[in-house]
Amino acid sequence: MSSRYLERLNAEIGSAKTLFDADCLRARRAAYQARIGDFAGADADLATLQTRYASRPRVAISAWINLAEGLRSHYTDLGQAARDKIQRAHALSAAAGLAPIQALSAAWLAHLA
């Protein structure tokens, strides 16, 4: 069963004007999938994004990937790696002035604290 949020993300990915915009939405979807326990879906999206941006990183994608990996780690092993990844997402987004992910990662850091 798919949530309305996931359906909306999928629709936005399908109608994105650029590949980069679609990839930012894919990273958001991976973070959401990790949060709801769909680790296979999150891993698939993350693997695609990591491969695509390994040779040409973009700060927005890197921030979303770190948040998604942090959430995946939080929901699978509750280790320090989760906090580290989310902290990295927060730092990257703050440095780049990406307010939406900065706020989201700050909220998750507060939750973890």
# chains A, B, ... in the order shown; residues from 1 in each chain; ligands from 1
>>> select_by_dssp(residues="region 11-64 of chain A", states="helix (DSSP H, G or I)", output="MDAnalysis selection string")
chainID A and resid 11:15 19:36 39:53 59:64
>>> residues_around(residues="Thr76 (chain A)", least_positions_apart="5", cutoff="9 Å", atoms="only C-alpha atoms", output="CSV table (one decimal) with all heavy atoms, in the first residue's frame")
chain,number,residue,atom,x,y,z
A,34,ALA,N,13.2,4.9,3.9
A,34,ALA,CA,13.9,4.4,5.1
A,34,ALA,C,13.1,4.6,6.3
A,34,ALA,O,13.0,3.8,7.2
A,34,ALA,CB,15.2,5.1,5.2
A,37,GLY,N,10.4,2.0,6.6
A,37,GLY,CA,10.9,0.6,6.7
A,37,GLY,C,11.0,-0.1,5.3
A,37,GLY,O,11.3,-1.3,5.3
A,39,PHE,N,13.4,-0.6,3.2
A,39,PHE,CA,14.9,-0.4,3.1
A,39,PHE,C,15.3,-0.8,1.7
A,39,PHE,O,16.3,-0.2,1.1
A,39,PHE,CB,15.6,-1.2,4.1
A,39,PHE,CG,15.2,-0.8,5.5
A,39,PHE,CD1,14.7,-1.7,6.4
A,39,PHE,CD2,15.3,0.5,5.9
A,39,PHE,CE1,14.3,-1.4,7.7
A,39,PHE,CE2,15.0,0.9,7.2
A,39,PHE,CZ,14.4,0.0,8.1
A,71,LEU,N,18.8,8.2,8.2
A,71,LEU,CA,17.5,7.6,8.6
A,71,LEU,C,17.5,6.1,8.5
A,71,LEU,O,17.0,5.4,9.3
A,71,LEU,CB,16.4,8.3,7.8
A,71,LEU,CG,16.1,9.7,8.1
A,71,LEU,CD1,15.1,10.3,7.1
A,71,LEU,CD2,15.8,10.0,9.5
>>> residues_around(residues="Gln102 (chain A)", least_positions_apart="2", cutoff="9 Å", atoms="only C-alpha atoms", output="compact mmCIF listing (two decimals) with C-alpha atoms, in the first residue's frame")
# COMPACT_ATOMS: atom_id res chain seq x y z
CA ALA A 63 22.81 16.47 1.67
CA ALA A 89 23.33 16.60 5.89
CA HIS A 90 22.68 19.53 8.21
CA ALA A 91 26.16 20.98 7.74
CA LEU A 92 26.06 20.66 3.95
CA SER A 93 22.62 22.21 3.70
CA ALA A 94 23.52 25.05 6.06
CA GLY A 97 21.75 27.73 2.11
CA LEU A 98 19.33 24.87 1.41
CA ALA A 99 16.70 25.81 3.99
CA PRO A 100 14.23 22.89 3.53
CA LEU A 104 14.48 18.77 8.22
CA SER A 105 17.92 17.55 9.25
CA ALA A 106 17.88 19.89 12.28
CA ALA A 107 14.54 18.40 13.31
>>> residues_around(residues="Cys24 (chain A)", least_positions_apart="5", cutoff="10 Å", atoms="only C-alpha atoms", output="MDAnalysis selection string")
chainID A and resid 13 16 19 29:30 49 60:65
>>> write_last_selection(atoms="all heavy atoms", output="PDB file, in the first residue's frame")
ATOM      1  N   ILE A  13       8.429  13.246  -9.312  1.00  0.00           N
ATOM      2  CA  ILE A  13       9.614  12.712  -9.998  1.00  0.00           C
ATOM      3  C   ILE A  13       9.310  12.567 -11.488  1.00  0.00           C
ATOM      4  O   ILE A  13      10.110  12.946 -12.334  1.00  0.00           O
ATOM      5  CB  ILE A  13      10.052  11.370  -9.383  1.00  0.00           C
ATOM      6  CG1 ILE A  13      10.648  11.593  -7.994  1.00  0.00           C
ATOM      7  CG2 ILE A  13      11.063  10.649 -10.279  1.00  0.00           C
ATOM      8  CD1 ILE A  13      10.844  10.329  -7.172  1.00  0.00           C
ATOM      9  N   ALA A  16       9.208  16.086 -13.159  1.00  0.00           N
ATOM     10  CA  ALA A  16      10.319  17.014 -12.935  1.00  0.00           C
ATOM     11  C   ALA A  16      10.881  17.523 -14.262  1.00  0.00           C
ATOM     12  O   ALA A  16      10.962  16.782 -15.238  1.00  0.00           O
ATOM     13  CB  ALA A  16      11.412  16.334 -12.121  1.00  0.00           C
ATOM     14  N   LEU A  19      16.715  16.312 -14.802  1.00  0.00           N
ATOM     15  CA  LEU A  19      17.167  15.091 -14.132  1.00  0.00           C
ATOM     16  C   LEU A  19      17.611  15.409 -12.712  1.00  0.00           C
ATOM     17  O   LEU A  19      17.334  14.643 -11.779  1.00  0.00           O
ATOM     18  CB  LEU A  19      18.315  14.444 -14.921  1.00  0.00           C
ATOM     19  CG  LEU A  19      18.903  13.184 -14.307  1.00  0.00           C
ATOM     20  CD1 LEU A  19      17.864  12.083 -14.210  1.00  0.00           C
ATOM     21  CD2 LEU A  19      20.107  12.718 -15.110  1.00  0.00           C
ATOM     22  N   ARG A  29      12.615  10.683  -1.587  1.00  0.00           N
ATOM     23  CA  ARG A  29      11.848   9.441  -1.529  1.00  0.00           C
ATOM     24  C   ARG A  29      12.628   8.364  -0.767  1.00  0.00           C
ATOM     25  O   ARG A  29      12.058   7.624   0.029  1.00  0.00           O
ATOM     26  CB  ARG A  29      11.502   8.965  -2.941  1.00  0.00           C
ATOM     27  CG  ARG A  29      10.678   7.686  -2.957  1.00  0.00           C
ATOM     28  CD  ARG A  29      10.258   7.309  -4.351  1.00  0.00           C
ATOM     29  NE  ARG A  29      11.410   6.955  -5.183  1.00  0.00           N
ATOM     30  CZ  ARG A  29      11.326   6.757  -6.493  1.00  0.00           C
ATOM     31  NH1 ARG A  29      10.160   6.886  -7.122  1.00  0.00           N
ATOM     32  NH2 ARG A  29      12.400   6.429  -7.177  1.00  0.00           N
ATOM     33  N   ALA A  30      13.936   8.295  -0.993  1.00  0.00           N
ATOM     34  CA  ALA A  30      14.762   7.315  -0.271  1.00  0.00           C
ATOM     35  C   ALA A  30      14.710   7.575   1.233  1.00  0.00           C
ATOM     36  O   ALA A  30      14.623   6.630   2.026  1.00  0.00           O
ATOM     37  CB  ALA A  30      16.198   7.355  -0.781  1.00  0.00           C
ATOM     38  N   LEU A  49      21.586   7.014  -7.119  1.00  0.00           N
ATOM     39  CA  LEU A  49      22.084   8.382  -6.939  1.00  0.00           C
ATOM     40  C   LEU A  49      23.579   8.414  -6.659  1.00  0.00           C
ATOM     41  O   LEU A  49      24.300   9.268  -7.181  1.00  0.00           O
ATOM     42  CB  LEU A  49      21.312   9.065  -5.809  1.00  0.00           C
ATOM     43  CG  LEU A  49      19.831   9.283  -6.084  1.00  0.00           C
ATOM     44  CD1 LEU A  49      19.115   9.748  -4.826  1.00  0.00           C
ATOM     45  CD2 LEU A  49      19.638  10.264  -7.226  1.00  0.00           C
ATOM     46  N   ALA A  60      23.288  19.568  -2.983  1.00  0.00           N
ATOM     47  CA  ALA A  60      21.902  19.239  -2.621  1.00  0.00           C
ATOM     48  C   ALA A  60      21.699  17.723  -2.587  1.00  0.00           C
ATOM     49  O   ALA A  60      21.103  17.185  -1.649  1.00  0.00           O
ATOM     50  CB  ALA A  60      20.925  19.892  -3.587  1.00  0.00           C
ATOM     51  N   ILE A  61      22.194  17.047  -3.602  1.00  0.00           N
ATOM     52  CA  ILE A  61      22.077  15.585  -3.642  1.00  0.00           C
ATOM     53  C   ILE A  61      22.851  14.968  -2.480  1.00  0.00           C
ATOM     54  O   ILE A  61      22.358  14.052  -1.812  1.00  0.00           O
ATOM     55  CB  ILE A  61      22.587  15.025  -4.993  1.00  0.00           C
ATOM     56  CG1 ILE A  61      21.680  15.470  -6.137  1.00  0.00           C
ATOM     57  CG2 ILE A  61      22.720  13.519  -4.952  1.00  0.00           C
ATOM     58  CD1 ILE A  61      20.321  14.813  -6.159  1.00  0.00           C
ATOM     59  N   SER A  62      24.050  15.460  -2.229  1.00  0.00           N
ATOM     60  CA  SER A  62      24.864  14.928  -1.131  1.00  0.00           C
ATOM     61  C   SER A  62      24.161  15.098   0.206  1.00  0.00           C
ATOM     62  O   SER A  62      24.171  14.185   1.039  1.00  0.00           O
ATOM     63  CB  SER A  62      26.225  15.617  -1.093  1.00  0.00           C
ATOM     64  OG  SER A  62      26.966  15.308  -2.240  1.00  0.00           O
ATOM     65  N   ALA A  63      23.524  16.237   0.417  1.00  0.00           N
ATOM     66  CA  ALA A  63      22.809  16.468   1.673  1.00  0.00           C
ATOM     67  C   ALA A  63      21.633  15.498   1.808  1.00  0.00           C
ATOM     68  O   ALA A  63      21.446  14.878   2.861  1.00  0.00           O
ATOM     69  CB  ALA A  63      22.331  17.910   1.752  1.00  0.00           C
ATOM     70  N   TRP A  64      20.851  15.344   0.731  1.00  0.00           N
ATOM     71  CA  TRP A  64      19.708  14.426   0.788  1.00  0.00           C
ATOM     72  C   TRP A  64      20.159  12.982   0.969  1.00  0.00           C
ATOM     73  O   TRP A  64      19.545  12.219   1.713  1.00  0.00           O
ATOM     74  CB  TRP A  64      18.844  14.550  -0.472  1.00  0.00           C
ATOM     75  CG  TRP A  64      17.906  15.703  -0.425  1.00  0.00           C
ATOM     76  CD1 TRP A  64      17.948  16.834  -1.199  1.00  0.00           C
ATOM     77  CD2 TRP A  64      16.770  15.857   0.424  1.00  0.00           C
ATOM     78  NE1 TRP A  64      16.914  17.674  -0.861  1.00  0.00           N
ATOM     79  CE2 TRP A  64      16.168  17.090   0.124  1.00  0.00           C
ATOM     80  CE3 TRP A  64      16.201  15.069   1.413  1.00  0.00           C
ATOM     81  CZ2 TRP A  64      15.035  17.547   0.779  1.00  0.00           C
ATOM     82  CZ3 TRP A  64      15.060  15.527   2.069  1.00  0.00           C
ATOM     83  CH2 TRP A  64      14.494  16.756   1.752  1.00  0.00           C
ATOM     84  N   ILE A  65      21.243  12.596   0.290  1.00  0.00           N
ATOM     85  CA  ILE A  65      21.757  11.232   0.438  1.00  0.00           C
ATOM     86  C   ILE A  65      22.195  10.979   1.879  1.00  0.00           C
ATOM     87  O   ILE A  65      21.886   9.938   2.460  1.00  0.00           O
ATOM     88  CB  ILE A  65      22.908  10.957  -0.553  1.00  0.00           C
ATOM     89  CG1 ILE A  65      22.358  10.801  -1.970  1.00  0.00           C
ATOM     90  CG2 ILE A  65      23.709   9.721  -0.145  1.00  0.00           C
ATOM     91  CD1 ILE A  65      23.433  10.704  -3.046  1.00  0.00           C
TER      92      ILE A  65
END
>>> atom_distance(atom1="CA of Ala82 (chain A)", atom2="CA of Leu25 (chain A)")
20.8 Å
>>> closest_residue(among="A:Asp21, A:Gly70, A:Trp108, A:Glu12", to="Arg58 (chain A)", atoms="only C-alpha atoms")
A:Asp21
>>> residues_around(residues="Asp38 (chain A)", least_positions_apart="4", cutoff="12 Å", atoms="only C-alpha atoms", output="list in words")
Met1, Ser2, Leu6, Arg29, Ala30, Ala31, Tyr32, Gln33, Ala34, Ala42, Asp43, Ala44, Asp45, Ala68, Leu71, Arg72, Tyr75 and Thr76 of chain A
>>> closest_residue(among="A:Ala96, A:Ala27, A:Leu9, A:Leu112", to="Ala81 (chain A)", atoms="only C-alpha atoms")
A:Leu112
>>> closest_residue(among="A:His74, A:Arg88, A:Ala95, A:Arg26", to="Gly14 (chain A)", atoms="only C-alpha atoms")
A:Arg26
>>> atom_distance(atom1="CA of Ala40 (chain A)", atom2="CA of Ala103 (chain A)")
26.2 Å
>>> atom_distance(atom1="CA of Arg28 (chain A)", atom2="CA of Leu67 (chain A)")
8.7 Å
>>> closest_residue(among="A:Thr18, A:Ser3, A:Ile101, A:Leu109", to="Asp84 (chain A)", atoms="only C-alpha atoms")
A:Leu109
